[in-house]
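**Q** The following file, query-v7.csv, comprises CSV, C-alpha atoms:
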```csv
chain,number,residue,atom,x,y,z
N,1,MET,CA,76.2,-58.3,120.0
N,2,LYS,CA,76.6,-62.0,118.9
N,3,LYS,CA,73.2,-61.8,117.2
N,4,THR,CA,74.2,-58.7,115.2
N,5,ALA,CA,77.5,-60.3,114.2
N,6,LEU,CA,75.7,-63.5,113.0
N,7,LEU,CA,73.2,-61.4,111.0
N,8,PHE,CA,76.1,-59.6,109.4
N,9,LEU,CA,77.9,-62.8,108.5
N,10,PHE,CA,74.7,-64.3,107.1
N,11,SER,CA,74.1,-61.2,104.9
N,12,VAL,CA,77.6,-61.4,103.6
N,13,PHE,CA,77.1,-65.1,102.8
N,14,LEU,CA,73.9,-64.5,100.9
N,15,SER,CA,75.6,-61.7,98.9
N,16,PHE,CA,78.4,-64.1,98.1
N,17,LEU,CA,75.9,-66.7,96.9
N,18,VAL,CA,74.0,-64.2,94.7
N,19,GLN,CA,77.3,-63.0,93.1
N,20,THR,CA,78.5,-66.5,92.5
N,21,LYS,CA,75.2,-67.5,90.9
N,22,ALA,CA,75.3,-64.5,88.6
N,23,GLN,CA,78.9,-65.3,87.6
N,24,ASP,CA,77.9,-68.9,86.9
N,25,ARG,CA,75.3,-67.9,84.4
N,26,LYS,CA,76.3,-68.5,80.8
N,27,PHE,CA,75.5,-66.0,78.1
N,28,GLU,CA,75.5,-66.1,74.3
N,29,ARG,CA,76.4,-62.8,72.7
N,30,TYR,CA,75.9,-61.7,69.1
N,31,ALA,CA,77.0,-58.6,67.3
N,32,VAL,CA,75.1,-57.3,64.3
N,33,GLY,CA,76.4,-54.4,62.3
N,34,PHE,CA,75.8,-52.0,59.4
N,35,TYR,CA,78.4,-50.2,57.2
N,36,ASN,CA,77.9,-48.0,54.2
N,37,LEU,CA,80.9,-49.0,52.1
N,38,GLU,CA,80.8,-45.9,50.0
N,39,ASN,CA,81.0,-46.9,46.3
N,40,LEU,CA,82.5,-50.4,46.4
N,41,PHE,CA,82.6,-50.8,42.6
N,42,ASP,CA,84.8,-53.2,40.6
N,43,THR,CA,86.6,-52.0,37.5
N,44,ILE,CA,84.4,-53.7,34.9
N,45,HIS,CA,81.3,-52.1,33.3
N,46,ASP,CA,78.0,-53.8,34.1
N,47,ASP,CA,75.3,-53.5,31.4
N,48,GLY,CA,72.5,-51.2,32.3
N,49,LYS,CA,74.4,-49.5,35.2
N,50,ASN,CA,75.7,-46.0,35.4
N,51,ASP,CA,79.0,-47.1,36.7
N,52,TYR,CA,81.2,-45.2,34.3
N,53,GLU,CA,83.0,-43.0,36.8
N,54,PHE,CA,84.2,-46.2,38.5
N,55,LEU,CA,86.0,-47.5,35.4
N,56,PRO,CA,89.7,-47.3,34.6
N,57,ASP,CA,89.0,-44.5,32.0
N,58,GLY,CA,86.3,-42.9,34.1
N,59,LYS,CA,86.3,-39.7,36.2
N,60,ASN,CA,87.8,-41.5,39.2
N,61,LYS,CA,90.4,-43.5,37.1
N,62,TRP,CA,89.2,-46.6,39.0
N,63,GLY,CA,91.8,-49.2,38.2
N,64,THR,CA,93.1,-52.3,39.9
N,65,LEU,CA,95.3,-50.4,42.4
N,66,LYS,CA,92.4,-48.3,43.7
N,67,TYR,CA,90.0,-51.3,43.8
N,68,THR,CA,92.5,-53.5,45.6
N,69,ASN,CA,93.1,-50.8,48.2
N,70,LYS,CA,89.4,-50.2,48.7
N,71,LEU,CA,88.9,-53.9,49.4
N,72,ASN,CA,91.9,-53.8,51.8
N,73,ASN,CA,90.3,-50.9,53.7
N,74,MET,CA,86.8,-52.4,53.9
N,75,ALA,CA,88.1,-55.8,55.0
N,76,ARG,CA,90.1,-54.2,57.8
N,77,VAL,CA,87.1,-52.4,59.3
N,78,LEU,CA,84.7,-55.3,58.9
N,79,ASN,CA,87.2,-57.7,60.5
N,80,GLU,CA,87.8,-55.5,63.5
N,81,MET,CA,84.1,-54.6,64.2
N,82,SER,CA,83.0,-55.9,67.6
N,83,THR,CA,86.2,-57.9,68.3
N,84,ASP,CA,87.1,-55.8,71.3
N,85,ILE,CA,84.1,-57.6,73.0
N,86,LEU,CA,83.6,-60.7,70.8
N,87,PRO,CA,86.7,-62.2,69.3
N,88,GLU,CA,84.6,-64.2,66.8
N,89,GLY,CA,83.4,-60.9,65.3
N,90,LEU,CA,80.1,-60.1,63.8
N,91,ALA,CA,77.3,-62.6,63.4
N,92,ALA,CA,75.9,-60.5,60.5
N,93,VAL,CA,76.5,-57.1,58.9
N,94,GLY,CA,74.4,-55.2,56.5
N,95,VAL,CA,76.2,-53.2,53.8
N,96,SER,CA,75.2,-50.6,51.3
N,97,GLU,CA,76.7,-49.0,48.1
N,98,ILE,CA,78.0,-52.3,46.7
N,99,GLU,CA,77.9,-52.8,42.9
N,100,ASN,CA,77.3,-56.5,42.6
N,101,SER,CA,78.0,-60.0,43.9
N,102,ASN,CA,81.5,-60.0,42.4
N,103,VAL,CA,82.7,-57.3,44.8
N,104,LEU,CA,81.1,-59.2,47.7
N,105,LYS,CA,82.9,-62.4,46.7
N,106,ASP,CA,86.2,-60.5,46.5
N,107,LEU,CA,85.5,-59.0,49.9
N,108,VAL,CA,84.6,-62.2,51.9
N,109,GLU,CA,87.5,-64.0,50.2
N,110,HIS,CA,90.0,-61.3,51.1
N,111,GLU,CA,93.0,-62.5,53.1
N,112,THR,CA,91.9,-60.4,56.0
N,113,LEU,CA,88.4,-61.9,56.2
N,114,VAL,CA,88.7,-65.4,54.7
N,115,ALA,CA,89.4,-67.1,58.0
N,116,ARG,CA,86.0,-65.9,59.4
N,117,GLY,CA,84.2,-68.1,56.8
N,118,TRP,CA,81.6,-65.4,56.0
N,119,ASP,CA,79.0,-65.8,53.3
N,120,PHE,CA,76.7,-63.2,51.8
N,121,ILE,CA,73.2,-62.6,50.5
N,122,HIS,CA,72.7,-60.1,47.6
N,123,LEU,CA,69.7,-59.6,45.3
N,124,GLU,CA,70.2,-57.3,42.3
N,125,GLY,CA,68.2,-54.1,42.6
N,126,PRO,CA,66.9,-51.4,40.2
N,127,ASP,CA,69.1,-48.5,41.4
N,128,ARG,CA,70.2,-46.5,38.4
N,129,ARG,CA,73.8,-46.2,39.6
N,130,GLY,CA,73.8,-49.9,40.3
N,131,ILE,CA,74.4,-49.7,44.0
N,132,ASP,CA,72.7,-52.3,46.2
N,133,CYS,CA,72.4,-53.5,49.8
N,134,ALA,CA,73.6,-56.9,51.0
N,135,LEU,CA,74.0,-58.9,54.1
N,136,LEU,CA,77.3,-60.6,55.1
N,137,TYR,CA,77.1,-63.2,57.8
N,138,ASN,CA,78.9,-65.9,59.8
N,139,PRO,CA,77.1,-69.2,59.2
N,140,LYS,CA,78.1,-70.4,62.6
N,141,LEU,CA,76.3,-67.5,64.3
N,142,PHE,CA,73.4,-66.7,61.9
N,143,LYS,CA,71.7,-69.2,59.7
N,144,PRO,CA,69.6,-67.6,56.9
N,145,SER,CA,66.4,-69.5,55.8
N,146,SER,CA,65.0,-67.1,53.2
N,147,SER,CA,65.6,-63.7,51.5
N,148,LYS,CA,63.6,-61.3,49.5
N,149,LEU,CA,64.0,-57.8,48.0
N,150,ALA,CA,60.9,-55.8,48.5
N,151,PRO,CA,60.7,-52.8,46.0
N,152,TYR,CA,60.4,-49.2,47.0
N,153,ILE,CA,57.0,-48.0,45.8
N,154,THR,CA,56.3,-44.4,45.2
N,155,ALA,CA,53.0,-42.8,46.5
N,156,ASP,CA,51.7,-42.5,42.9
N,157,ASN,CA,53.1,-45.9,41.9
N,158,ASP,CA,55.6,-44.3,39.5
N,159,THR,CA,57.4,-47.2,37.9
N,160,THR,CA,60.0,-45.0,36.3
N,161,TYR,CA,61.4,-44.0,39.8
N,162,LYS,CA,64.3,-46.4,40.4
N,163,THR,CA,66.0,-46.7,43.8
N,164,ARG,CA,67.1,-49.4,46.3
N,165,GLY,CA,64.6,-51.8,47.6
N,166,PHE,CA,64.5,-53.3,51.1
N,167,LEU,CA,66.5,-56.5,51.5
N,168,ILE,CA,64.7,-58.9,54.0
N,169,VAL,CA,66.7,-61.8,55.3
N,170,THR,CA,65.1,-64.3,57.7
N,171,GLY,CA,67.1,-66.7,59.7
N,172,GLU,CA,68.1,-68.1,63.1
N,173,MET,CA,70.2,-66.5,65.7
N,174,GLY,CA,70.6,-67.9,69.2
N,175,GLY,CA,67.9,-70.5,68.4
N,176,GLU,CA,65.3,-67.8,67.6
N,177,THR,CA,63.8,-66.5,64.4
N,178,ILE,CA,65.0,-63.0,63.4
N,179,HIS,CA,64.3,-60.9,60.4
N,180,ILE,CA,67.0,-58.4,59.3
N,181,ILE,CA,65.7,-55.7,56.9
N,182,VAL,CA,68.7,-53.9,55.2
N,183,ASN,CA,68.0,-50.4,54.0
N,184,HIS,CA,69.5,-47.6,52.0
N,185,TRP,CA,66.8,-44.9,51.8
N,186,PRO,CA,66.7,-42.2,49.1
N,187,SER,CA,69.4,-39.5,49.5
N,188,ARG,CA,69.0,-36.0,50.7
N,189,PHE,CA,68.8,-34.8,47.1
N,190,ALA,CA,65.2,-35.9,47.5
N,191,LYS,CA,62.9,-34.2,49.9
N,192,SER,CA,61.7,-35.7,53.2
N,193,PRO,CA,58.4,-37.2,51.9
N,194,VAL,CA,60.4,-39.6,49.7
N,195,ARG,CA,62.1,-41.1,52.8
N,196,GLU,CA,58.9,-40.9,54.8
N,197,ARG,CA,57.4,-43.2,52.2
N,198,ALA,CA,60.3,-45.6,52.8
N,199,GLY,CA,59.5,-45.5,56.6
N,200,VAL,CA,55.9,-46.4,56.0
N,201,GLN,CA,56.8,-49.3,53.7
N,202,VAL,CA,59.4,-50.7,56.1
N,203,ARG,CA,56.9,-50.4,59.0
N,204,GLN,CA,54.3,-52.4,56.9
N,205,LEU,CA,57.0,-55.0,56.1
N,206,LYS,CA,57.9,-55.4,59.7
N,207,ASP,CA,54.3,-55.8,60.8
N,208,SER,CA,53.7,-58.4,58.1
N,209,LEU,CA,56.7,-60.5,59.0
N,210,MET,CA,55.8,-60.6,62.7
N,211,ALA,CA,52.2,-61.4,61.9
N,212,VAL,CA,53.1,-64.3,59.7
N,213,MET,CA,55.7,-65.6,62.1
N,214,PRO,CA,54.5,-64.8,65.7
N,215,GLY,CA,57.2,-64.4,68.2
N,216,SER,CA,59.9,-63.6,65.6
N,217,LYS,CA,62.1,-60.5,66.1
N,218,VAL,CA,63.1,-57.7,63.8
N,219,LEU,CA,66.2,-55.6,63.2
N,220,VAL,CA,65.7,-52.6,60.8
N,221,ILE,CA,69.3,-51.7,59.8
N,222,GLY,CA,70.8,-49.3,57.2
N,223,ASP,CA,71.6,-45.9,56.0
N,224,MET,CA,68.3,-44.0,56.3
N,225,ASN,CA,69.7,-40.7,55.1
N,226,ASP,CA,67.8,-39.1,58.0
N,227,ASP,CA,68.5,-38.7,61.7
N,228,PRO,CA,66.5,-40.6,64.3
N,229,ASP,CA,64.2,-37.7,65.2
N,230,ASP,CA,63.3,-36.9,61.5
N,231,VAL,CA,59.8,-37.6,60.4
N,232,SER,CA,60.7,-40.6,58.3
N,233,LEU,CA,62.0,-42.5,61.3
N,234,ALA,CA,60.2,-41.1,64.3
N,235,THR,CA,56.7,-40.9,62.8
N,236,SER,CA,56.5,-42.9,59.5
N,237,LEU,CA,58.6,-45.9,60.8
N,238,GLY,CA,57.5,-45.2,64.3
N,239,ALA,CA,60.8,-45.9,66.0
N,240,VAL,CA,60.6,-44.4,69.5
N,241,ARG,CA,63.3,-42.7,71.6
N,242,THR,CA,63.0,-44.5,75.0
N,243,ARG,CA,62.3,-48.0,76.2
N,244,LYS,CA,59.3,-46.9,78.2
N,245,GLU,CA,57.6,-45.9,75.0
N,246,VAL,CA,57.7,-49.4,73.8
N,247,LYS,CA,54.3,-51.0,74.6
N,248,SER,CA,54.2,-54.1,72.5
N,249,SER,CA,56.5,-56.5,70.6
N,250,TYR,CA,55.5,-54.8,67.3
N,251,ASP,CA,56.8,-51.4,68.5
N,252,LEU,CA,60.3,-50.3,67.4
N,253,TYR,CA,63.0,-48.8,69.7
N,254,ASN,CA,65.7,-46.6,68.3
N,255,PRO,CA,68.8,-46.5,70.6
N,256,TRP,CA,70.6,-44.0,68.3
N,257,TRP,CA,68.3,-41.1,69.1
N,258,ASN,CA,70.0,-40.4,72.4
N,259,ILE,CA,73.4,-41.2,71.1
N,260,LEU,CA,73.0,-38.3,68.6
N,261,ARG,CA,71.1,-35.8,70.7
N,262,GLU,CA,72.5,-36.4,74.2
N,263,ASP,CA,75.9,-37.8,73.5
N,264,GLY,CA,76.6,-35.7,70.4
N,265,GLN,CA,77.9,-38.7,68.4
N,266,GLY,CA,77.2,-39.4,64.7
N,267,THR,CA,78.2,-41.5,61.8
N,268,LEU,CA,79.0,-38.8,59.2
N,269,LYS,CA,79.8,-35.1,59.1
N,270,TYR,CA,78.3,-32.5,56.9
N,271,ARG,CA,79.7,-28.9,57.1
N,272,GLY,CA,81.2,-29.7,60.5
N,273,LYS,CA,77.9,-31.1,62.0
N,274,TRP,CA,77.4,-34.7,62.9
N,275,ASN,CA,74.5,-36.6,61.5
N,276,LEU,CA,73.5,-40.2,62.5
N,277,PHE,CA,72.0,-41.7,59.3
N,278,ASP,CA,73.3,-45.2,60.0
N,279,GLN,CA,71.1,-47.0,62.5
N,280,ILE,CA,70.0,-50.4,63.8
N,281,ILE,CA,66.5,-50.3,65.2
N,282,VAL,CA,65.1,-53.2,67.2
N,283,SER,CA,61.6,-54.6,67.7
N,284,GLY,CA,59.9,-54.4,71.1
N,285,ASN,CA,60.3,-58.1,71.8
N,286,LEU,CA,64.0,-57.7,71.8
N,287,LEU,CA,63.5,-55.6,75.0
N,288,GLY,CA,61.6,-58.4,76.8
N,289,LYS,CA,62.2,-59.7,80.3
N,290,LYS,CA,62.3,-63.4,79.6
N,291,ARG,CA,65.6,-64.7,81.0
N,292,HIS,CA,66.4,-67.1,78.3
N,293,ALA,CA,65.3,-65.0,75.3
N,294,LEU,CA,67.4,-63.0,72.9
N,295,LYS,CA,67.6,-59.4,74.0
N,296,PHE,CA,69.0,-56.1,72.9
N,297,ASP,CA,72.0,-55.2,75.1
N,298,ARG,CA,73.6,-52.0,73.7
N,299,ALA,CA,74.5,-50.0,70.6
N,300,GLU,CA,77.8,-48.4,69.6
N,301,ILE,CA,79.4,-46.5,66.7
N,302,PHE,CA,82.5,-48.2,65.6
N,303,SER,CA,85.4,-45.8,65.0
N,304,ARG,CA,89.2,-46.0,65.0
N,305,ASP,CA,91.8,-43.2,64.5
N,306,TYR,CA,92.8,-44.5,61.1
N,307,MET,CA,89.3,-43.8,59.8
N,308,PHE,CA,89.7,-40.0,60.3
N,309,HIS,CA,91.7,-37.1,58.9
N,310,HIS,CA,94.0,-35.7,61.6
N,311,GLU,CA,95.3,-32.6,59.8
N,312,GLY,CA,94.7,-30.4,56.8
N,313,ARG,CA,91.5,-29.3,55.2
N,314,TYR,CA,89.4,-32.3,56.3
N,315,LYS,CA,90.7,-32.5,59.8
N,316,GLY,CA,88.1,-34.3,62.1
N,317,ASP,CA,86.2,-35.7,59.1
N,318,THR,CA,85.9,-39.3,58.2
N,319,LYS,CA,88.5,-40.4,55.7
N,320,ARG,CA,86.6,-41.3,52.6
N,321,THR,CA,87.8,-42.8,49.3
N,322,HIS,CA,87.7,-39.5,47.3
N,323,ALA,CA,87.2,-35.9,48.2
N,324,GLY,CA,87.5,-32.8,46.0
N,325,GLY,CA,88.3,-35.0,43.0
N,326,VAL,CA,91.4,-36.5,44.8
N,327,TRP,CA,91.9,-40.1,45.7
N,328,LEU,CA,92.5,-40.3,49.4
N,329,ASN,CA,92.8,-44.1,49.8
N,330,GLY,CA,90.3,-43.8,52.6
N,331,TYR,CA,87.5,-45.9,54.0
N,332,SER,CA,84.0,-44.4,53.8
N,333,ASP,CA,82.3,-41.1,54.5
N,334,HIS,CA,80.2,-43.1,57.0
N,335,LEU,CA,81.2,-44.8,60.3
N,336,PRO,CA,79.7,-48.3,60.9
N,337,VAL,CA,77.3,-49.1,63.7
N,338,ILE,CA,76.9,-52.2,65.9
N,339,VAL,CA,74.2,-53.6,68.3
N,340,TYR,CA,74.9,-56.4,70.7
N,341,LEU,CA,72.3,-59.0,71.5
N,342,VAL,CA,72.5,-61.3,74.5
N,343,LYS,CA,70.8,-64.5,75.6
N,344,GLU,CA,71.2,-66.4,78.9
N,345,ARG,CA,71.6,-70.1,78.3
N,346,LYS,CA,69.2,-72.5,80.1
```
Take the structure from the file and write it as structure tokens.
**A**
Amino acid sequence: MKKTALLFLFSVFLSFLVQTKAQDRKFERYAVGFYNLENLFDTIHDDGKNDYEFLPDGKNKWGTLKYTNKLNNMARVLNEMSTDILPEGLAAVGVSEIENSNVLKDLVEHETLVARGWDFIHLEGPDRRGIDCALLYNPKLFKPSSSKLAPYITADNDTTYKTRGFLIVTGEMGGETIHIIVNHWPSRFAKSPVRERAGVQVRQLKDSLMAVMPGSKVLVIGDMNDDPDDVSLATSLGAVRTRKEVKSSYDLYNPWWNILREDGQGTLKYRGKWNLFDQIIVSGNLLGKKRHALKFDRAEIFSRDYMFHHEGRYKGDTKRTHAGGVWLNGYSDHLPVIVYLVKERK
């Protein structure tokens, strides 16, 4: 009887030691996001850009009041993203549908965001409407070392086809090299092969980056204008549904596949149906087992009640800037997404 009691006490003591050791571990956590800002235009015409509907005398009567409110709304969302878990907020966030560096400067210097000390990377692209991708980042958490805009190339090398390229930002996070590829693939007005071509090119870019810098890690982020199980992502890019399908560091894991198909969650609605076009896809070496390496932890869609319509014609839909020709003083037709990365300190 005494022996049994001693064994029980010893097992309780061991369990206590294990729990204490786990609690004593120190972790670094980083949040990386993406948000389609839905037409963040200023009120001034840019030469060579089809921005006329977003001018004071344009279709949307886009004057100072509307622009100021748009900045207020975008800053509110970006400032709140990930703060329920990490008070310091996002380490980096890719954005799409921004007109130029001026709107990004206005955004990071907004009174809601200025205390975060964010900076941004933007390289002017060839899109006919003038909308580009960019990366906002907190220099304390992500330290960029290089950036490049890789062009979208059509299958027949048609130089008259103008669309967003792929913004590649390389930097350091958690003491490791990470490449963030920010995307905004061609819209659904184009057929699937056009986005499949984007998937092929991003896959090639990812492979090249990892070959030149062995051990580096990749996040493919953006508005893909396709769901995770569409051909462009599942086959052309090669982003798989489950962790067990990841066989090497070069493979890509897409955590949003199950979020859409099993959990029924999405980032934008079309005719009452959720799509999940906004994704952050991780390279296989972010699923590694090394204790002190940067790893993917989890993914989430960021949403708040104020980002939705709660009555009327658009009830249940995201509250966008305009709908049916009416200014709604909303946010975006897309919801933002976040992934959390974690690293155990030595």
**Q** Using CA of Ala239 (chain N) and CA of Asn254 (chain N) as the two end points, give the distance in Å to one decimal.
**A** 5.5 Å
**Q** Mind pulling up the distance from CA of Ile178 (chain N) to CA of Ser216 (chain N)?
**A**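 For CA of Ser216 (chain N) relative to CA of Ile178 (chain N), the distance reads 5.6 Å.
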**Q** Extract, using all atoms listed in the file, all DNA, RNA and protein residues at most 10 Å from Lys70 (chain N), discarding same-chain residues fewer than 6 positions from it, and format them as a PyMOL selection string.
**A** chain N and resi 37-42+64+76+107+321+329-332
**Q** Neighbours of Asn225 (chain N) within 7 Å (only C-alpha atoms; same-chain residues fewer than 3 positions away dropped), as an MDAnalysis selection string?
**A** chainID N and resid 185:188 277
**Q** If we count all atoms listed in the file, what is near Gln204 (chain N) at a cut-off of 12 Å, once residues fewer than 2 positions away on the same chain are taken out, given as a VMD selection string?
**A** chain N and resid 150 166 181 197 to 202 206 to 211 236 to 238 250 to 251
**Q** Once you have the residues from the selection above, write them out as a PDB file, in the frame of the given file, restricted to C-alpha atoms.
**A**
```pdb
ATOM      1  CA  ALA N 150      60.900 -55.800  48.500  1.00  0.00           C
ATOM      2  CA  PHE N 166      64.500 -53.300  51.100  1.00  0.00           C
ATOM      3  CA  ILE N 181      65.700 -55.700  56.900  1.00  0.00           C
ATOM      4  CA  ARG N 197      57.400 -43.200  52.200  1.00  0.00           C
ATOM      5  CA  ALA N 198      60.300 -45.600  52.800  1.00  0.00           C
ATOM      6  CA  GLY N 199      59.500 -45.500  56.600  1.00  0.00           C
ATOM      7  CA  VAL N 200      55.900 -46.400  56.000  1.00  0.00           C
ATOM      8  CA  GLN N 201      56.800 -49.300  53.700  1.00  0.00           C
ATOM      9  CA  VAL N 202      59.400 -50.700  56.100  1.00  0.00           C
ATOM     10  CA  LYS N 206      57.900 -55.400  59.700  1.00  0.00           C
ATOM     11  CA  ASP N 207      54.300 -55.800  60.800  1.00  0.00           C
ATOM     12  CA  SER N 208      53.700 -58.400  58.100  1.00  0.00           C
ATOM     13  CA  LEU N 209      56.700 -60.500  59.000  1.00  0.00           C
ATOM     14  CA  MET N 210      55.800 -60.600  62.700  1.00  0.00           C
ATOM     15  CA  ALA N 211      52.200 -61.400  61.900  1.00  0.00           C
ATOM     16  CA  SER N 236      56.500 -42.900  59.500  1.00  0.00           C
ATOM     17  CA  LEU N 237      58.600 -45.900  60.800  1.00  0.00           C
ATOM     18  CA  GLY N 238      57.500 -45.200  64.300  1.00  0.00           C
ATOM     19  CA  TYR N 250      55.500 -54.800  67.300  1.00  0.00           C
ATOM     20  CA  ASP N 251      56.800 -51.400  68.500  1.00  0.00           C
TER      21      ASP N 251
END
```
**Q** Give me the residues within 6 Å of Trp257 (chain N) as a list in words, counting only C-alpha atoms and dropping any in the same chain fewer than 3 places off.
**A**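 Residues meeting the cut-off are Pro228, Arg241 and Leu260 of chain N.
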**Q** Which residues, written as a PDB file with C-alpha atoms, in the frame of the given file, have at least one atom at most 12 Å from Glu124 (chain N), with all atoms listed in the file counted and residues fewer than 2 positions away on the same chain left out?
**A**
```
ATOM      1  CA  ASP N  46      78.000 -53.800  34.100  1.00  0.00           C
ATOM      2  CA  GLY N  48      72.500 -51.200  32.300  1.00  0.00           C
ATOM      3  CA  LYS N  49      74.400 -49.500  35.200  1.00  0.00           C
ATOM      4  CA  ILE N  98      78.000 -52.300  46.700  1.00  0.00           C
ATOM      5  CA  GLU N  99      77.900 -52.800  42.900  1.00  0.00           C
ATOM      6  CA  ASN N 100      77.300 -56.500  42.600  1.00  0.00           C
ATOM      7  CA  SER N 101      78.000 -60.000  43.900  1.00  0.00           C
ATOM      8  CA  ASN N 102      81.500 -60.000  42.400  1.00  0.00           C
ATOM      9  CA  ILE N 121      73.200 -62.600  50.500  1.00  0.00           C
ATOM     10  CA  HIS N 122      72.700 -60.100  47.600  1.00  0.00           C
ATOM     11  CA  PRO N 126      66.900 -51.400  40.200  1.00  0.00           C
ATOM     12  CA  ASP N 127      69.100 -48.500  41.400  1.00  0.00           C
ATOM     13  CA  ARG N 128      70.200 -46.500  38.400  1.00  0.00           C
ATOM     14  CA  ARG N 129      73.800 -46.200  39.600  1.00  0.00           C
ATOM     15  CA  GLY N 130      73.800 -49.900  40.300  1.00  0.00           C
ATOM     16  CA  ILE N 131      74.400 -49.700  44.000  1.00  0.00           C
ATOM     17  CA  ASP N 132      72.700 -52.300  46.200  1.00  0.00           C
ATOM     18  CA  CYS N 133      72.400 -53.500  49.800  1.00  0.00           C
ATOM     19  CA  ALA N 134      73.600 -56.900  51.000  1.00  0.00           C
ATOM     20  CA  LYS N 148      63.600 -61.300  49.500  1.00  0.00           C
ATOM     21  CA  LEU N 149      64.000 -57.800  48.000  1.00  0.00           C
ATOM     22  CA  ALA N 150      60.900 -55.800  48.500  1.00  0.00           C
ATOM     23  CA  PRO N 151      60.700 -52.800  46.000  1.00  0.00           C
ATOM     24  CA  THR N 163      66.000 -46.700  43.800  1.00  0.00           C
ATOM     25  CA  ARG N 164      67.100 -49.400  46.300  1.00  0.00           C
ATOM     26  CA  GLY N 165      64.600 -51.800  47.600  1.00  0.00           C
ATOM     27  CA  PHE N 166      64.500 -53.300  51.100  1.00  0.00           C
ATOM     28  CA  LEU N 167      66.500 -56.500  51.500  1.00  0.00           C
TER      29      LEU N 167
END
```
**Q** What are the closest atom pairs, with distances in Å to one decimal, for each residue of region 34-135 of chain N lying within 12 Å of region 265-271 of chain N, using only C-alpha atoms, rows by chain and rising residue number, as a Markdown table?
**A**
```
| residue | atom | partner | partner_atom | distance |
| --- | --- | --- | --- | --- |
| N:Phe34 | CA | N:Thr267 | CA | 11.0 |
| N:Tyr35 | CA | N:Thr267 | CA | 9.8 |
| N:Asn36 | CA | N:Thr267 | CA | 10.0 |
| N:Glu38 | CA | N:Leu268 | CA | 11.8 |
```
**Q** When distances are computed from all atoms listed in the file, which of N:Gly316, N:Gly58, N:Gly63, N:Gly33 shows the smallest separation from Val337 (chain N)?
**A**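 Once distances to Val337 (chain N) are computed over all atoms listed in the file, the minimum belongs to N:Gly33.
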**Q** Of the residues N:Trp118, N:Phe302, N:Phe308, N:Trp256, which is the one nearest to Leu141 (chain N), using all atoms listed in the file?
**A**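 Checking each of N:Trp118, N:Phe302, N:Phe308, N:Trp256 against Leu141 (chain N), counting all atoms listed in the file, the winner is N:Trp118.
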**Q** Determine the nearest neighbour of Val282 (chain N) from the options N:Ile338, N:Met81, N:Ile221, N:Leu205, counting all atoms listed in the file.
**A**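 Residue with the minimum atom-to-atom distance to Val282 (chain N): N:Ile221.
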**Q** Find the distance between CA of Val194 (chain N) and CA of Ile280 (chain N) and write it in Å to one decimal.
**A**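 A separation of 20.2 Å between them.
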**Q** From the options N:Ala190, N:Asn73, N:Lys247, N:Val218, which residue's atoms come nearest to Tyr161 (chain N), counting all atoms listed in the file?
**A**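 Of the candidates, the smallest distance to Tyr161 (chain N) is held by N:Ala190.
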**Q** Pick out the closest residue to Glu28 (chain N) from this set: N:Ala155, N:His322, N:Lys273, N:Leu294. Count all atoms listed in the file.
**A** N:Leu294
